[in-house]
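Next up, model-v6.txt (compact mmCIF, C-alpha atoms):
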```
# COMPACT_ATOMS: atom_id res chain seq x y z
CA MET A 1 -58.53 10.67 -94.73
CA ASN A 2 -60.20 7.87 -92.77
CA THR A 3 -57.68 5.43 -94.23
CA GLN A 4 -54.79 7.53 -92.92
CA ILE A 5 -56.30 7.72 -89.44
CA ARG A 6 -56.93 3.98 -89.41
CA SER A 7 -53.39 3.35 -90.68
CA ASP A 8 -51.91 5.60 -87.99
CA ALA A 9 -53.97 3.84 -85.31
CA THR A 10 -52.73 0.47 -86.52
CA ALA A 11 -49.12 1.66 -86.55
CA HIS A 12 -49.56 3.12 -83.07
CA SER A 13 -51.06 -0.09 -81.70
CA THR A 14 -48.31 -2.14 -83.37
CA ARG A 15 -45.58 -0.04 -81.74
CA GLU A 16 -47.45 -0.07 -78.45
CA GLY A 17 -47.83 -3.85 -78.70
CA ASP A 18 -44.11 -4.22 -79.42
CA THR A 19 -43.23 -2.18 -76.32
CA TYR A 20 -45.58 -4.16 -74.10
CA LEU A 21 -44.34 -7.46 -75.53
CA LEU A 22 -40.71 -6.48 -74.95
CA ASN A 23 -41.38 -5.77 -71.28
CA TYR A 24 -43.42 -8.96 -70.90
CA ARG A 25 -40.69 -10.99 -72.66
CA LEU A 26 -38.00 -9.64 -70.32
CA LEU A 27 -40.12 -10.43 -67.27
CA ILE A 28 -40.71 -14.02 -68.40
CA LYS A 29 -37.11 -14.56 -69.55
CA ASP A 30 -35.69 -13.37 -66.24
CA LEU A 31 -38.15 -15.23 -64.03
CA PRO A 32 -36.21 -18.50 -63.47
CA GLU A 33 -33.00 -16.65 -62.56
CA LEU A 34 -34.86 -14.15 -60.40
CA ALA A 35 -36.53 -17.00 -58.51
CA SER A 36 -33.13 -18.60 -57.86
CA TRP A 37 -31.88 -15.35 -56.30
CA TRP A 38 -35.13 -14.49 -54.51
CA PRO A 39 -34.34 -16.14 -51.14
CA SER A 40 -31.11 -14.15 -50.80
CA MET A 41 -32.60 -10.76 -51.75
CA ASP A 42 -33.35 -8.12 -49.18
CA ASP A 43 -36.77 -6.49 -48.87
CA GLU A 44 -35.78 -3.45 -50.93
CA GLU A 45 -34.65 -5.58 -53.88
CA ARG A 46 -37.83 -7.65 -53.69
CA LEU A 47 -39.97 -4.52 -53.63
CA HIS A 48 -38.16 -3.19 -56.71
CA HIS A 49 -38.91 -6.40 -58.64
CA ARG A 50 -42.53 -6.49 -57.46
CA LEU A 51 -43.06 -2.90 -58.62
CA ALA A 52 -41.56 -3.76 -62.01
CA PHE A 53 -43.87 -6.78 -62.18
CA SER A 54 -46.88 -4.61 -61.37
CA GLN A 55 -46.08 -2.27 -64.27
CA THR A 56 -45.49 -5.16 -66.66
CA TRP A 57 -48.67 -6.91 -65.50
CA GLU A 58 -50.62 -3.75 -66.40
CA MET A 59 -48.97 -3.87 -69.83
CA ARG A 60 -50.04 -7.52 -70.12
CA ALA A 61 -53.62 -6.41 -69.48
CA GLN A 62 -53.26 -3.88 -72.31
CA LEU A 63 -51.92 -6.60 -74.60
CA GLY A 64 -55.09 -8.54 -73.88
CA ALA A 65 -57.20 -5.53 -74.84
CA LEU A 66 -55.19 -5.05 -78.05
CA TYR A 67 -55.57 -8.76 -78.84
CA ARG A 68 -59.34 -8.71 -78.28
CA ALA A 69 -59.63 -5.60 -80.48
CA GLY A 70 -57.70 -7.34 -83.28
CA ARG A 71 -54.93 -4.74 -83.09
CA LEU A 72 -51.97 -7.11 -82.77
CA SER A 73 -50.15 -8.40 -85.83
CA PRO A 74 -50.04 -12.17 -86.39
CA LYS A 75 -46.39 -12.13 -85.26
CA GLN A 76 -47.33 -10.27 -82.07
CA GLU A 77 -50.19 -12.70 -81.40
CA ALA A 78 -47.82 -15.64 -81.77
CA GLU A 79 -45.33 -14.07 -79.37
CA LEU A 80 -48.08 -13.27 -76.87
CA ALA A 81 -49.25 -16.89 -76.97
CA ALA A 82 -45.69 -18.16 -76.46
CA LEU A 83 -45.06 -15.79 -73.55
CA ASP A 84 -48.37 -16.65 -71.89
CA ASP A 85 -47.54 -20.34 -72.22
CA GLU A 86 -44.09 -19.73 -70.73
CA LEU A 87 -45.61 -17.81 -67.83
CA LEU A 88 -47.94 -20.73 -67.11
CA ARG A 89 -44.98 -23.10 -67.16
CA HIS A 90 -43.16 -20.89 -64.64
CA LEU A 91 -46.12 -20.36 -62.34
CA ASP A 92 -44.21 -21.66 -59.34
CA GLU A 93 -41.46 -19.06 -59.81
CA ALA A 94 -44.05 -16.33 -60.47
CA ASN A 95 -45.77 -17.29 -57.24
CA LEU A 96 -42.52 -17.12 -55.27
CA CYS A 97 -41.46 -13.75 -56.65
CA TYR A 98 -44.74 -11.96 -57.27
CA GLY A 99 -47.37 -13.89 -55.36
CA LEU A 100 -49.01 -14.75 -58.68
CA ASP A 101 -51.11 -17.87 -58.19
CA LEU A 102 -53.30 -19.92 -60.52
CA GLN A 103 -56.27 -17.62 -60.00
CA GLY A 104 -54.11 -14.59 -60.72
CA VAL A 105 -52.52 -16.01 -63.84
CA ALA A 106 -55.94 -17.11 -65.14
CA GLN A 107 -56.59 -13.39 -65.53
CA ILE A 108 -54.78 -13.54 -68.90
CA PHE A 109 -57.75 -15.53 -70.22
CA VAL A 110 -60.12 -12.77 -69.08
CA TRP A 111 -57.98 -10.02 -70.60
CA GLY A 112 -57.48 -11.97 -73.82
CA THR A 113 -54.87 -14.46 -74.97
CA PRO A 114 -54.38 -16.41 -78.19
CA LEU A 115 -54.00 -19.49 -75.98
CA ALA A 116 -57.77 -19.45 -75.49
CA GLN A 117 -58.15 -20.42 -79.17
CA SER A 118 -55.64 -23.27 -79.02
CA ASP A 119 -56.40 -26.96 -78.73
CA GLU A 120 -52.85 -27.65 -77.55
CA ILE A 121 -52.30 -28.93 -74.04
CA ILE A 122 -50.72 -26.43 -71.66
CA TYR A 123 -48.76 -27.41 -68.60
CA ILE A 124 -49.12 -25.55 -65.34
CA PRO A 125 -47.01 -26.73 -62.41
CA ILE A 126 -48.85 -26.34 -59.15
CA ARG A 127 -48.02 -27.56 -55.69
CA PRO A 128 -50.78 -29.74 -54.20
CA ARG A 129 -50.93 -27.67 -51.01
CA ARG A 130 -51.92 -24.64 -53.11
CA LEU A 131 -54.89 -26.46 -54.61
CA GLY A 132 -56.78 -26.02 -51.35
CA ALA A 133 -56.82 -22.27 -51.86
CA ILE A 134 -58.30 -22.51 -55.34
CA ALA A 135 -60.58 -25.52 -54.83
CA PRO A 136 -63.67 -23.36 -54.11
CA ALA A 137 -63.24 -21.64 -57.47
CA LEU A 138 -62.85 -24.97 -59.27
CA ILE A 139 -65.71 -26.68 -57.47
CA GLY A 140 -69.09 -25.00 -57.42
CA ALA A 141 -71.61 -24.97 -54.58
CA SER A 142 -72.83 -28.37 -55.73
CA GLY A 143 -69.51 -29.91 -54.77
CA ARG A 144 -68.92 -31.01 -58.37
CA MET A 145 -66.25 -29.81 -60.72
CA ALA A 146 -67.36 -26.70 -62.58
CA ALA A 147 -67.90 -27.33 -66.28
```

Spit out the file's structure as structure tokens when you get a sec.
Amino acid sequence: MNTQIRSDATAHSTREGDTYLLNYRLLIKDLPELASWWPSMDDEERLHHRLAFSQTWEMRAQLGALYRAGRLSPKQEAELAALDDELLRHLDEANLCYGLDLQGVAQIFVWGTPLAQSDEIIYIPIRPRRLGAIAPALIGASGRMAA
């Protein structure tokens, strides 16, 4: 009986993970085009997209919890890593549309991401003027770069 319960829980988390990944994938895939249209959108359209982002961002947090609990399949983990990497690469667009900055996107590493286990280099475009806002987090009270 325990095996059946465990099997059902795994199937449930796999389906749940697939749903969350689908929403996250659509958000990331649409981000460059959305950013190109953003300046011409009215406030109502922008609000609609920000609300959708908020829901998807909550799903991303749940994906992190599923990842940390070991409840994602290897395929799901690979997709999560690829989507997280893509989000980092499109940080400028995410900032424009959703106000997501480097500190905000770093939250994926707190929630859980397969990228944290990778030795690959990741690329995060950031405008120099935005570094001033995050400098205190990067540099401790000593004035030196945090280790």

- Selected residue of minimal separation from Ser54 (chain A) among A:Ser13, A:Ser40, A:Asn23, A:Gln76, counting all atoms listed in the file: A:Asn23

- Surrounding residues of Leu22 (chain A) excluding itself and chain neighbours under 5 positions, 12 Å, all atoms listed in the file, as a VMD selection string: chain A and resid 15 to 17 27 to 29 56 59 to 60 63 76 79 to 80 83

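For the atom pair formed by CA of Trp38 (chain A) and CA of Gly99 (chain A), the distance is 12.3 Å, given to one decimal.
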
- One-decimal distance in Å that lies between CA of Gln107 (chain A) and CA of Phe53 (chain A): 14.7 Å

- Message: Ranking A:Pro32, A:Glu120, A:Thr19, A:Pro114 by minimum distance to Glu77 (chain A) and counting only C-alpha atoms, which one comes first?
- Response: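 Of A:Pro32, A:Glu120, A:Thr19, A:Pro114, the one nearest Glu77 (chain A) is A:Pro114, counting only C-alpha atoms.
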
- Item | Which residue of A:Asp85, A:Ser73, A:Val105, A:Arg46 approaches Arg25 (chain A) most closely, using only C-alpha atoms |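 Among the listed residues, the smallest separation from Arg25 (chain A) belongs to A:Asp85.
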
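Our summary of the geometry notes that CA of Arg130 (chain A) is positioned 13.6 Å from CA of Ala94 (chain A).
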